[in-house]
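As provided, query02.txt (compact mmCIF, C-alpha atoms) reads as follows.
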# COMPACT_ATOMS: atom_id res chain seq x y z
CA MET A 131 15.64 24.44 11.42
CA ALA A 132 17.20 21.51 9.53
CA ASP A 133 18.88 21.70 6.16
CA LEU A 134 18.02 19.36 3.32
CA ASN A 135 20.64 19.49 0.61
CA ILE A 136 19.58 18.02 -2.71
CA ALA A 137 21.43 16.70 -5.73
CA ILE A 138 19.49 16.42 -9.01
CA ALA A 139 20.63 13.90 -11.62
CA GLY A 140 19.03 14.73 -14.96
CA LEU A 141 18.15 18.29 -15.96
CA GLY A 142 15.67 17.74 -18.73
CA THR A 143 12.23 19.32 -18.73
CA VAL A 144 11.26 17.74 -15.41
CA GLY A 145 14.63 18.30 -13.71
CA ALA A 146 14.73 21.98 -14.67
CA SER A 147 11.13 22.35 -13.47
CA VAL A 148 12.01 20.77 -10.12
CA PHE A 149 14.88 23.24 -9.73
CA LYS A 150 12.56 26.17 -10.52
CA ILE A 151 9.86 25.07 -8.09
CA ILE A 152 12.35 24.66 -5.24
CA GLU A 153 13.84 28.09 -5.98
CA GLU A 154 10.58 29.98 -6.55
CA GLN A 155 8.62 28.33 -3.74
CA SER A 156 11.44 28.36 -1.19
CA ASP A 157 9.59 30.56 1.34
CA LEU A 158 6.41 28.52 1.07
CA ILE A 159 8.29 25.23 1.39
CA ARG A 160 10.22 26.54 4.39
CA GLN A 161 6.96 27.49 6.12
CA ARG A 162 5.45 24.08 5.42
CA THR A 163 8.46 22.00 6.45
CA ASN A 164 10.43 24.17 8.92
CA SER A 165 13.46 23.20 6.83
CA ASN A 166 15.88 24.93 4.53
CA ILE A 167 15.69 23.01 1.27
CA LYS A 168 18.17 23.80 -1.47
CA VAL A 169 19.75 22.22 -4.51
CA THR A 170 23.49 22.06 -3.97
CA ALA A 171 24.60 19.75 -6.80
CA VAL A 172 23.41 18.77 -10.27
CA SER A 173 24.50 16.44 -13.02
CA SER A 174 23.36 16.24 -16.61
CA ARG A 175 24.67 15.54 -20.11
CA SER A 176 25.32 19.10 -21.27
CA LYS A 177 26.56 21.85 -18.99
CA GLY A 178 26.19 24.63 -21.54
CA LYS A 179 22.54 24.05 -22.42
CA ASP A 180 20.17 26.93 -21.64
CA ARG A 181 17.55 25.54 -19.27
CA GLY A 182 16.21 28.84 -17.99
CA ILE A 183 17.75 28.32 -14.54
CA ASN A 184 20.79 29.81 -12.82
CA LEU A 185 23.29 27.12 -11.83
CA ASP A 186 26.14 29.44 -10.82
CA ALA A 187 25.88 28.61 -7.11
CA VAL A 188 25.45 24.87 -7.67
CA ASN A 189 28.12 22.18 -7.81
CA TRP A 190 28.14 20.75 -11.36
CA LEU A 191 29.13 17.09 -11.69
CA ASP A 192 29.90 15.58 -15.06
CA ASN A 193 29.54 12.08 -13.64
CA PRO A 194 26.25 11.54 -11.77
CA MET A 195 27.80 8.70 -9.76
CA ASP A 196 29.96 11.30 -7.98
CA ILE A 197 26.77 12.32 -6.17
CA VAL A 198 26.96 9.15 -4.08
CA ASN A 199 30.13 10.40 -2.41
CA LEU A 200 28.92 13.93 -1.58
CA SER A 201 28.87 14.02 2.21
CA ASP A 202 26.76 17.19 2.38
CA VAL A 203 23.90 15.83 0.22
CA ASN A 204 20.96 14.31 2.12
CA LEU A 205 18.65 13.57 -0.79
CA VAL A 206 19.10 12.55 -4.42
CA ILE A 207 16.52 13.21 -7.13
CA GLU A 208 16.98 10.74 -9.99
CA LEU A 209 15.51 11.94 -13.30
CA ILE A 210 17.86 10.21 -15.71
CA GLY A 211 15.44 7.48 -16.74
CA GLY A 212 15.94 3.92 -17.92
CA GLU A 213 15.53 0.64 -16.08
CA ASP A 214 19.25 -0.11 -15.81
CA GLY A 215 22.61 1.62 -16.25
CA VAL A 216 23.45 4.84 -14.48
CA ALA A 217 19.95 5.37 -13.09
CA TYR A 218 20.00 2.00 -11.32
CA ASP A 219 23.58 2.42 -10.08
CA LEU A 220 22.88 5.92 -8.78
CA VAL A 221 19.69 5.02 -6.92
CA LYS A 222 21.21 1.90 -5.39
CA GLY A 223 24.46 3.63 -4.46
CA SER A 224 22.65 6.60 -2.92
CA LEU A 225 20.42 4.40 -0.78
CA LEU A 226 23.38 2.33 0.40
CA SER A 227 25.22 5.51 1.38
CA GLY A 228 22.29 6.61 3.56
CA LYS A 229 20.75 9.18 1.22
CA HIS A 230 17.03 9.55 0.60
CA VAL A 231 15.99 9.14 -3.03
CA VAL A 232 13.09 10.58 -5.01
CA THR A 233 12.59 9.27 -8.54
CA ALA A 234 10.17 9.54 -11.44
CA ASN A 235 11.60 6.39 -13.00
CA LYS A 236 8.75 3.89 -13.38
CA ALA A 237 10.78 1.54 -15.61
CA LEU A 238 13.50 1.25 -12.97
CA LEU A 239 11.06 0.43 -10.18
CA ALA A 240 9.02 -1.96 -12.32
CA LYS A 241 12.18 -4.03 -12.82
CA HIS A 242 14.21 -3.48 -9.64
CA GLY A 243 11.61 -2.18 -7.19
CA LYS A 244 11.72 -5.03 -4.69
CA GLU A 245 15.51 -4.90 -4.41
CA LEU A 246 15.66 -1.11 -4.10
CA PHE A 247 12.78 -0.87 -1.61
CA LYS A 248 14.56 -3.48 0.53
CA ILE A 249 17.79 -1.46 0.47
CA ALA A 250 15.91 1.70 1.47
CA GLU A 251 14.19 -0.16 4.30
CA ASP A 252 17.44 -1.67 5.57
CA ASN A 253 19.15 1.73 5.58
CA ASN A 254 16.21 3.61 7.14
CA VAL A 255 15.92 6.04 4.23
CA SER A 256 13.12 6.94 1.87
CA LEU A 257 12.63 5.86 -1.73
CA TYR A 258 9.66 7.85 -2.95
CA PHE A 259 8.20 7.78 -6.46
CA GLU A 260 4.96 9.79 -6.65
CA ALA A 261 6.00 11.26 -10.00
CA ALA A 262 6.57 7.81 -11.52
CA VAL A 263 2.83 7.15 -11.86
CA ALA A 264 0.38 9.58 -13.46
CA GLY A 265 2.64 12.64 -13.32
CA GLY A 266 1.06 15.37 -11.23
CA ILE A 267 -1.78 13.22 -9.85
CA PRO A 268 -1.15 12.21 -6.20
CA ILE A 269 -2.25 8.62 -6.78
CA ILE A 270 0.57 6.97 -4.78
CA LYS A 271 -0.12 9.04 -1.68
CA GLY A 272 -3.84 8.64 -2.31
CA ILE A 273 -3.65 4.85 -2.09
CA ARG A 274 -0.80 4.52 0.41
CA GLU A 275 -1.99 7.14 2.87
CA GLY A 276 -5.41 8.57 2.06
CA LEU A 277 -7.05 5.16 1.54
CA SER A 278 -4.90 3.17 3.96
CA ALA A 279 -7.94 2.13 6.05
CA ASN A 280 -9.38 0.27 3.06
CA LYS A 281 -8.76 -3.05 1.43
CA ILE A 282 -8.37 -2.17 -2.23
CA LYS A 283 -10.43 -4.27 -4.62
CA ALA A 284 -9.44 -2.73 -7.94
CA VAL A 285 -7.51 0.09 -9.56
CA TYR A 286 -8.20 1.10 -13.14
CA GLY A 287 -7.96 4.04 -15.47
CA ILE A 288 -6.14 5.97 -18.16
CA LEU A 289 -2.41 5.85 -17.43
CA ASN A 290 -0.83 7.18 -20.63
CA GLY A 291 -1.51 10.69 -21.90
CA THR A 292 0.03 10.09 -25.33
CA CYS A 293 -2.36 7.26 -26.13
CA ASN A 294 -5.30 9.17 -24.71
CA TYR A 295 -4.43 12.15 -26.90
CA ILE A 296 -4.18 9.98 -30.02
CA LEU A 297 -7.48 8.21 -29.39
CA THR A 298 -9.23 11.49 -28.59
CA GLU A 299 -7.99 13.17 -31.76
CA MET A 300 -8.90 10.19 -33.92
CA ALA A 301 -12.46 10.37 -32.59
CA ASN A 302 -12.79 14.16 -32.82
CA THR A 303 -11.13 14.76 -36.18
CA LYS A 304 -11.80 11.46 -38.00
CA ARG A 305 -8.10 11.07 -38.87
CA ASP A 306 -6.25 7.78 -38.91
CA PHE A 307 -3.72 6.57 -36.36
CA ALA A 308 -0.54 7.34 -38.30
CA GLU A 309 -1.52 10.95 -38.98
CA VAL A 310 -2.47 11.69 -35.37
CA LEU A 311 0.66 9.97 -34.05
CA LYS A 312 2.78 12.25 -36.26
CA GLU A 313 0.95 15.27 -34.85
CA ALA A 314 1.52 14.03 -31.28
CA GLN A 315 5.23 13.75 -32.02
CA ASP A 316 5.32 17.27 -33.49
CA LEU A 317 3.59 18.63 -30.37
CA GLY A 318 5.93 16.80 -28.01
CA TYR A 319 3.28 14.42 -26.64
CA ALA A 320 5.01 11.42 -28.24
CA GLU A 321 8.69 10.53 -28.53
CA ALA A 322 10.51 10.08 -31.84
CA ASP A 323 10.32 6.36 -31.03
CA PRO A 324 6.81 6.11 -29.54
CA SER A 325 6.89 2.37 -28.89
CA PHE A 326 6.87 2.54 -25.08
CA ASP A 327 3.70 4.63 -25.20
CA ILE A 328 1.65 3.19 -28.05
CA ASP A 329 2.57 -0.43 -27.28
CA GLY A 330 1.40 -0.08 -23.66
CA ILE A 331 4.80 -0.55 -21.97
CA ASP A 332 4.77 2.83 -20.20
CA ALA A 333 1.28 2.21 -18.83
CA GLY A 334 2.35 -1.30 -17.82
CA HIS A 335 5.25 0.01 -15.75
CA LYS A 336 2.84 2.28 -13.90
CA LEU A 337 0.24 -0.42 -13.40
CA SER A 338 2.80 -2.83 -11.94
CA LEU A 339 3.57 -0.28 -9.20
CA LEU A 340 -0.10 0.42 -8.52
CA THR A 341 -0.78 -3.32 -8.24
CA SER A 342 1.99 -3.83 -5.72
CA LEU A 343 0.87 -0.86 -3.67
CA ALA A 344 -2.83 -1.74 -3.77
CA PHE A 345 -2.57 -5.45 -2.97
CA GLY A 346 0.66 -5.74 -0.96
CA CYS A 347 2.30 -8.06 -3.47
CA ASP A 348 5.64 -8.01 -5.24
CA VAL A 349 6.06 -5.79 -8.29
CA ASP A 350 5.62 -8.10 -11.29
CA PHE A 351 5.65 -6.31 -14.63
CA ASP A 352 5.89 -9.61 -16.50
CA ALA A 353 2.52 -10.69 -15.11
CA ILE A 354 0.68 -7.96 -17.05
CA ALA A 355 -1.20 -8.82 -20.24
CA ILE A 356 -0.31 -5.86 -22.48
CA LYS A 357 -1.87 -4.77 -25.76
CA GLY A 358 -1.27 -1.27 -27.11
CA ILE A 359 -3.12 0.92 -29.60
CA ARG A 360 -0.84 0.49 -32.63
CA ASP A 361 -3.38 -1.61 -34.57
CA ILE A 362 -6.48 0.47 -33.88
CA SER A 363 -8.04 1.82 -37.08
CA LEU A 364 -10.33 4.77 -37.67
CA ILE A 365 -13.01 2.18 -38.47
CA ASP A 366 -12.82 0.95 -34.86
CA ILE A 367 -13.11 4.46 -33.45
CA GLU A 368 -16.10 5.32 -35.64
CA GLN A 369 -17.92 2.02 -35.12
CA ALA A 370 -17.43 2.27 -31.37
CA LEU A 371 -19.02 5.72 -31.42
CA GLU A 372 -21.95 4.40 -33.44
CA LEU A 373 -22.45 1.67 -30.85
CA GLY A 374 -22.43 4.21 -28.01
CA TYR A 375 -18.82 3.79 -26.85
CA LYS A 376 -15.47 5.54 -26.85
CA VAL A 377 -12.16 3.74 -27.11
CA LYS A 378 -9.71 4.22 -24.24
CA LEU A 379 -6.43 2.50 -23.38
CA LEU A 380 -7.13 1.24 -19.87
CA GLY A 381 -4.90 -0.17 -17.18
CA ILE A 382 -6.86 -2.47 -14.90
CA THR A 383 -5.72 -4.43 -11.87
CA LYS A 384 -8.07 -6.50 -9.75
CA GLN A 385 -7.69 -8.99 -6.94
CA GLU A 386 -10.26 -11.73 -6.48
CA ASN A 387 -9.92 -14.81 -4.29
CA GLY A 388 -6.28 -13.93 -3.64
CA LYS A 389 -5.40 -13.86 -7.35
CA VAL A 390 -4.40 -10.75 -9.27
CA MET A 391 -5.20 -9.90 -12.87
CA GLN A 392 -3.38 -7.00 -14.55
CA THR A 393 -4.18 -5.81 -18.06
CA ILE A 394 -3.27 -2.92 -20.34
CA GLU A 395 -5.51 -2.86 -23.40
CA PRO A 396 -7.76 -0.64 -25.52
CA CYS A 397 -11.35 -1.04 -24.37
CA LEU A 398 -14.78 0.19 -25.36
CA VAL A 399 -16.22 2.39 -22.60
CA LYS A 400 -19.81 3.65 -22.60
CA LYS A 401 -20.01 7.32 -23.55
CA GLN A 402 -21.80 8.20 -20.32
CA GLU A 403 -19.02 6.78 -18.13
CA VAL A 404 -16.71 9.29 -16.43
CA LEU A 405 -13.59 7.81 -18.03
CA ALA A 406 -15.08 8.31 -21.50
CA SER A 407 -15.08 12.07 -20.90
CA VAL A 408 -11.40 12.20 -19.87
CA ASP A 409 -9.87 13.37 -23.14
CA GLY A 410 -6.65 14.78 -24.55
CA SER A 411 -3.46 14.11 -22.62
CA LEU A 412 -5.15 13.84 -19.22
CA ASN A 413 -4.85 10.79 -16.98
CA ALA A 414 -7.56 9.43 -14.68
CA VAL A 415 -7.44 6.66 -12.08
CA PHE A 416 -10.28 5.04 -10.15
CA VAL A 417 -9.52 3.26 -6.87
CA ASP A 418 -12.18 0.94 -5.46
CA GLY A 419 -11.92 0.44 -1.69
CA ASP A 420 -14.11 -1.78 0.46
CA PHE A 421 -15.27 1.01 2.79
CA VAL A 422 -14.74 4.22 0.82
CA GLY A 423 -16.15 2.92 -2.46
CA GLN A 424 -14.79 4.47 -5.64
CA SER A 425 -12.41 7.43 -5.56
CA LEU A 426 -11.39 9.23 -8.75
CA PHE A 427 -8.08 11.01 -9.39
CA VAL A 428 -7.84 13.13 -12.56
CA GLY A 429 -5.12 15.46 -13.82
CA HIS A 430 -2.06 15.93 -15.96
CA GLY A 431 -0.17 12.68 -16.21
CA ALA A 432 3.00 14.16 -17.69
CA GLY A 433 4.74 17.44 -18.45
CA GLY A 434 7.47 19.39 -16.74
CA TYR A 435 5.64 21.23 -14.00
CA PRO A 436 2.96 18.60 -13.14
CA THR A 437 5.61 15.88 -12.79
CA ALA A 438 7.97 18.21 -10.94
CA SER A 439 5.14 19.08 -8.55
CA SER A 440 4.96 15.43 -7.50
CA VAL A 441 8.74 15.20 -7.17
CA VAL A 442 8.83 18.22 -4.85
CA ALA A 443 5.88 16.87 -2.85
CA ASP A 444 8.00 13.81 -2.05
CA VAL A 445 10.91 16.07 -1.11
CA ILE A 446 8.62 17.95 1.27
CA ASP A 447 7.52 14.71 2.94
CA ILE A 448 11.15 13.78 3.52
CA ALA A 449 11.87 17.25 4.92
CA ARG A 450 9.00 16.71 7.35
CA ASN A 451 10.73 13.49 8.42
CA ILE A 452 7.88 11.40 7.04
CA ILE A 453 9.65 8.11 6.38
CA ILE A 454 7.24 5.30 5.60
CA ASN A 455 7.46 2.13 3.61
CA PRO A 456 7.10 3.19 -0.02
CA MET A 457 4.72 0.28 -0.73
CA SER A 458 2.96 0.71 2.63
CA LEU A 459 4.07 -2.73 3.86
CA THR A 460 7.53 -3.85 4.83
CA ILE A 461 9.29 -6.00 2.25
CA ARG A 462 9.00 -9.10 4.46
CA ASP A 463 5.22 -8.62 4.62
CA MET A 464 4.78 -8.38 0.85
CA GLN A 465 3.71 -11.59 -0.84
CA PRO A 466 4.54 -13.14 -4.21
CA GLN A 467 1.86 -12.26 -6.69
CA GLN A 468 -0.66 -15.01 -7.46
CA LYS A 469 -1.60 -14.54 -11.10
CA ALA A 470 -5.15 -15.14 -12.29
CA ASP A 471 -5.70 -16.96 -15.59
CA ILE A 472 -6.79 -14.36 -18.13
CA ASN A 473 -8.50 -17.06 -20.22
CA ASP A 474 -11.11 -17.31 -17.46
CA ARG A 475 -11.94 -13.59 -17.56
CA ILE A 476 -15.59 -12.96 -18.40
CA GLY A 477 -16.85 -10.05 -20.47
CA CYS A 478 -18.33 -8.78 -23.71
CA TYR A 479 -16.20 -8.15 -26.78
CA TYR A 480 -15.93 -6.12 -29.98
CA ILE A 481 -14.68 -7.94 -33.08
CA ARG A 482 -13.72 -6.29 -36.38
CA LEU A 483 -13.46 -8.55 -39.41
CA MET A 484 -12.26 -7.43 -42.83
CA VAL A 485 -13.84 -9.79 -45.34
CA ASN A 486 -14.43 -10.36 -49.03
CA ASP A 487 -18.05 -9.47 -49.72
CA LYS A 488 -19.25 -12.90 -50.86
CA ALA A 489 -22.23 -15.07 -50.18
CA GLY A 490 -21.83 -17.36 -47.18
CA VAL A 491 -19.38 -15.19 -45.23
CA MET A 492 -21.74 -14.54 -42.34
CA ALA A 493 -22.75 -18.19 -42.17
CA ASP A 494 -19.10 -19.18 -41.73
CA VAL A 495 -18.57 -16.49 -39.09
CA THR A 496 -21.66 -17.30 -37.06
CA SER A 497 -20.94 -21.03 -37.11
CA ILE A 498 -17.47 -20.45 -35.61
CA LEU A 499 -18.93 -18.21 -32.90
CA ARG A 500 -21.63 -20.80 -32.20
CA ASP A 501 -19.09 -23.62 -31.94
CA ASN A 502 -17.22 -21.61 -29.29
CA ASN A 503 -20.43 -20.85 -27.37
CA ILE A 504 -20.27 -17.13 -28.24
CA SER A 505 -23.54 -15.26 -28.72
CA MET A 506 -23.70 -12.09 -30.85
CA GLU A 507 -25.36 -8.97 -29.49
CA THR A 508 -24.97 -6.71 -32.56
CA MET A 509 -23.62 -6.97 -36.10
CA LEU A 510 -22.82 -3.94 -38.29
CA GLN A 511 -21.91 -3.88 -41.97
CA HIS A 512 -21.90 -0.63 -43.92
CA GLY A 513 -21.38 -0.62 -47.68
CA ARG A 514 -20.61 -3.32 -50.18
CA SER A 515 -17.66 -3.81 -52.49
CA GLU A 516 -16.82 -6.58 -54.93
CA LYS A 517 -13.22 -5.35 -55.28
CA GLN A 518 -12.21 -4.34 -51.74
CA SER A 519 -12.56 -5.88 -48.31
CA VAL A 520 -15.41 -4.60 -46.18
CA PRO A 521 -15.61 -4.45 -42.38
CA ILE A 522 -18.03 -6.50 -40.33
CA ILE A 523 -18.35 -5.33 -36.72
CA ILE A 524 -19.64 -7.78 -34.11
CA THR A 525 -20.28 -7.28 -30.42
CA THR A 526 -20.86 -10.29 -28.19
CA HIS A 527 -22.74 -11.19 -25.08
CA GLU A 528 -20.69 -12.32 -22.09
CA THR A 529 -18.12 -14.96 -22.79
CA THR A 530 -14.52 -15.71 -21.78
CA ASP A 531 -11.18 -14.54 -23.11
CA GLY A 532 -10.33 -18.14 -23.84
CA ALA A 533 -13.42 -18.64 -25.99
CA ILE A 534 -12.88 -15.39 -27.87
CA ASN A 535 -9.24 -16.19 -28.61
CA LYS A 536 -10.10 -19.65 -29.92
CA ALA A 537 -12.84 -18.22 -32.13
CA VAL A 538 -10.57 -15.48 -33.49
CA GLN A 539 -7.88 -18.02 -34.39
CA LYS A 540 -10.42 -19.95 -36.45
CA LEU A 541 -11.89 -16.78 -38.01
CA SER A 542 -8.44 -15.67 -39.14
CA LYS A 543 -8.09 -18.90 -41.17
CA LEU A 544 -11.22 -18.33 -43.25
CA ASP A 545 -10.45 -17.71 -46.93
CA THR A 546 -12.88 -14.79 -46.92
CA VAL A 547 -11.18 -13.00 -44.00
CA THR A 548 -8.47 -10.77 -45.51
CA GLU A 549 -6.59 -9.65 -42.40
CA ASP A 550 -6.25 -10.66 -38.77
CA PRO A 551 -9.43 -9.97 -36.78
CA TYR A 552 -9.16 -7.15 -34.28
CA ILE A 553 -10.76 -7.55 -30.86
CA MET A 554 -11.35 -5.20 -27.95
CA ARG A 555 -12.97 -5.79 -24.61
CA ILE A 556 -16.17 -3.90 -23.79
CA GLU A 557 -15.38 -2.83 -20.25
CA GLU A 558 -18.24 -2.42 -17.79
CA LEU A 559 -16.80 -0.08 -15.15
Any chance you could put this one into structure tokens?
Amino acid sequence: MADLNIAIAGLGTVGASVFKIIEEQSDLIRQRTNSNIKVTAVSSRSKGKDRGINLDAVNWLDNPMDIVNLSDVNLVIELIGGEDGVAYDLVKGSLLSGKHVVTANKALLAKHGKELFKIAEDNNVSLYFEAAVAGGIPIIKGIREGLSANKIKAVYGILNGTCNYILTEMANTKRDFAEVLKEAQDLGYAEADPSFDIDGIDAGHKLSLLTSLAFGCDVDFDAIAIKGIRDISLIDIEQALELGYKVKLLGITKQENGKVMQTIEPCLVKKQEVLASVDGSLNAVFVDGDFVGQSLFVGHGAGGYPTASSVVADVIDIARNIIINPMSLTIRDMQPQQKADINDRIGCYYIRLMVNDKAGVMADVTSILRDNNISMETMLQHGRSEKQSVPIIITTHETTDGAINKAVQKLSKLDTVTEDPYIMRIEEL
């Protein structure tokens, strides 16, 4: 029976949960791996903090980089976070010293993934990251192993629980964005600085990894077109519901004719679609394979125990001596990503205009849409006001992103339009 000695760097909610699972499930893990797995060293910011775990028998290191030089440690769990700094140095140093690494750090891999995967490959060690995407949902193993007989055509879904919670609460309680965001912060769903979540960056990091895994191309976070939920109003939520849709922040990656398109953006999804019913802080990911068809993965995308469950699952794979390429292909077989032109994307769109309620407004609007070859499907206007702006909601027939963007630029310059138009894609899943 082999020993697997682990060092954990970062003892926040997830790190403490990993420690608890390894301690409490030790007999079960031993039976499933035929290995003795134990945490022998830890490093975190504050030694005296009460984390609900007993660290008396564990080597405490004030400097996480000291882990690299521990000869008795086989595996390092990096839960520090951040795309650079100590997290990067620790992961790189551990791999170079012949240690396996498990991380939940999506930002790190979105920026340095190719380099770090190459180091792991060259040193015949594992760099696993199930917990970096969708928390407790086994989406990485699902694509890399469970669907490995398929050519993946598309991956799409809800990749950020904070945004999903906010959009769900806005729809259910008819409260505006700022109020629900404050509640999400109070409940611990959103950070004090929520920018990474609400601006789509967190979901983008995850999508970049899914794209690389699904299509065998380099990780390219900069290739993603990202739009968050910061500018969504209660008007948009309510009008979407009236039209038969719910608003969801979707990550979508598709490959057609060798070119990849990656987007993070709020979309209108028909109420009867499965993704429309995934509410609260849950995540959900569809994978479309050429032989298997669509597979759906749903679960908790964050939180201490769900994320820790994925971390320990990677540890168990390493204990079983399952060492495979983290992106399924070897680095030399992965190809540079060929980016599709988003202006050529075809679809239907939702447009919200805030206008002065004057004669001739609709004539100006429709003429701009006509000049850009955009046909309206519906137009909603509720209420009139001579003193305040009123919303006009338009949905279109199929057109292109390029045409919509040109039309919106011209609409924004109309004297009767009082604020920038807001557009969302109507996604047919």
Subject >> Counting all atoms listed in the file, the option among A:Phe326, A:Phe247, A:Tyr480, A:Tyr258 closest to A:Thr233 >> reply: A:Tyr258
Original post:
So how many Å separate atom CA of A:Asp420 and atom CA of A:Ala279, to one decimal?
Top reply: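 Between atom CA of A:Asp420 and atom CA of A:Ala279 the gap works out to 9.2 Å.
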Subject >> All residues 12 Å or closer to stretch 313-318 of chain A, only C-alpha atoms, same chain fewer than 3 positions away omitted, as a PyMOL selection string >> reply: chain A and resi 143+291-300+305-310+321-325+327-328+410-411+432-434
Subject >> Pairwise distance for atom CA of A:Pro268 and atom CA of A:Thr437, rounded to one decimal in Å >> reply: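 Separation of atom CA of A:Pro268 and atom CA of A:Thr437: 10.1 Å.
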**OP:** Can you work out which one of A:Gly265, A:Gly374, A:Gly334, A:Pro551 has the shortest atom-to-atom distance to A:Lys241, counting only C-alpha atoms?
**Re:**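 Going through A:Gly265, A:Gly374, A:Gly334, A:Pro551 one by one, the smallest distance to A:Lys241 is for A:Gly334.
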Subject >> Distance query A:Ser458 at most 8 Å, only C-alpha atoms, self and fewer than 2 positions along chain excluded, as a ChimeraX atom specification >> reply: /A:274,343,346,454-456,460
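Pairwise distance (atom CA of A:Pro396, atom CA of A:Asp329) equals 10.5 Å.
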Near stretch 156-173 of chain A, within 10 Å and counting all atoms listed in the file, which residues show up once chain neighbours fewer than 6 positions away are dropped, as a short mmCIF file (atom, residue, chain, number, x, y, z; two decimals) with C-alpha atoms, keeping the file's coordinate frame?
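To be explicit, this is the file written out as result19.cif:
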data_model
loop_
_atom_site.label_atom_id
_atom_site.label_comp_id
_atom_site.auth_asym_id
_atom_site.auth_seq_id
_atom_site.Cartn_x
_atom_site.Cartn_y
_atom_site.Cartn_z
CA MET A 131 15.64 24.44 11.42
CA ALA A 132 17.20 21.51 9.53
CA ASP A 133 18.88 21.70 6.16
CA LEU A 134 18.02 19.36 3.32
CA ASN A 135 20.64 19.49 0.61
CA ILE A 136 19.58 18.02 -2.71
CA ALA A 137 21.43 16.70 -5.73
CA ILE A 138 19.49 16.42 -9.01
CA ALA A 139 20.63 13.90 -11.62
CA GLY A 140 19.03 14.73 -14.96
CA LEU A 141 18.15 18.29 -15.96
CA GLY A 145 14.63 18.30 -13.71
CA VAL A 148 12.01 20.77 -10.12
CA PHE A 149 14.88 23.24 -9.73
CA LYS A 150 12.56 26.17 -10.52
CA LEU A 185 23.29 27.12 -11.83
CA ALA A 187 25.88 28.61 -7.11
CA VAL A 188 25.45 24.87 -7.67
CA ASN A 189 28.12 22.18 -7.81
CA TRP A 190 28.14 20.75 -11.36
CA LEU A 191 29.13 17.09 -11.69
CA ASP A 192 29.90 15.58 -15.06
CA ASN A 193 29.54 12.08 -13.64
CA PRO A 194 26.25 11.54 -11.77
CA MET A 195 27.80 8.70 -9.76
CA ASP A 196 29.96 11.30 -7.98
CA ILE A 197 26.77 12.32 -6.17
CA LEU A 200 28.92 13.93 -1.58
CA ASP A 202 26.76 17.19 2.38
CA VAL A 203 23.90 15.83 0.22
CA LEU A 205 18.65 13.57 -0.79
CA VAL A 206 19.10 12.55 -4.42
CA ILE A 207 16.52 13.21 -7.13
CA GLU A 208 16.98 10.74 -9.99
CA ILE A 210 17.86 10.21 -15.71
CA VAL A 442 8.83 18.22 -4.85
CA ALA A 443 5.88 16.87 -2.85
CA VAL A 445 10.91 16.07 -1.11
CA ILE A 446 8.62 17.95 1.27
CA ASP A 447 7.52 14.71 2.94
CA ILE A 448 11.15 13.78 3.52
CA ALA A 449 11.87 17.25 4.92
CA ARG A 450 9.00 16.71 7.35
CA ASN A 451 10.73 13.49 8.42
#
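Residues in contact with A:Glu557 at 7 Å, where all atoms listed in the file are counted and same-chain residues fewer than 3 positions away are skipped, are listed as Cys397, Leu398 and Val399 of chain A.
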Take stretch 434-444 of chain A, model N, CA and C atoms, and hand the result over as a short mmCIF file (atom, residue, chain, number, x, y, z; two decimals), in the frame of the given file.
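Output file result-v7.cif follows:
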data_model
loop_
_atom_site.label_atom_id
_atom_site.label_comp_id
_atom_site.auth_asym_id
_atom_site.auth_seq_id
_atom_site.Cartn_x
_atom_site.Cartn_y
_atom_site.Cartn_z
N GLY A 434 6.44 18.94 -17.65
CA GLY A 434 7.47 19.39 -16.74
C GLY A 434 6.96 19.77 -15.37
N TYR A 435 6.07 20.74 -15.31
CA TYR A 435 5.64 21.23 -14.00
C TYR A 435 4.74 20.24 -13.25
N PRO A 436 3.75 19.58 -13.90
CA PRO A 436 2.96 18.60 -13.14
C PRO A 436 3.82 17.50 -12.53
N THR A 437 4.75 16.94 -13.31
CA THR A 437 5.61 15.88 -12.79
C THR A 437 6.54 16.41 -11.71
N ALA A 438 7.09 17.59 -11.94
CA ALA A 438 7.97 18.21 -10.94
C ALA A 438 7.22 18.49 -9.65
N SER A 439 5.95 18.84 -9.75
CA SER A 439 5.14 19.08 -8.55
C SER A 439 5.10 17.84 -7.66
N SER A 440 4.96 16.67 -8.28
CA SER A 440 4.96 15.43 -7.50
C SER A 440 6.33 15.12 -6.92
N VAL A 441 7.38 15.40 -7.68
CA VAL A 441 8.74 15.20 -7.17
C VAL A 441 8.96 16.04 -5.91
N VAL A 442 8.60 17.32 -5.98
CA VAL A 442 8.83 18.22 -4.85
C VAL A 442 7.93 17.85 -3.67
N ALA A 443 6.74 17.32 -3.94
CA ALA A 443 5.88 16.87 -2.85
C ALA A 443 6.56 15.76 -2.05
N ASP A 444 7.24 14.85 -2.75
CA ASP A 444 8.00 13.81 -2.05
C ASP A 444 9.15 14.41 -1.25
#
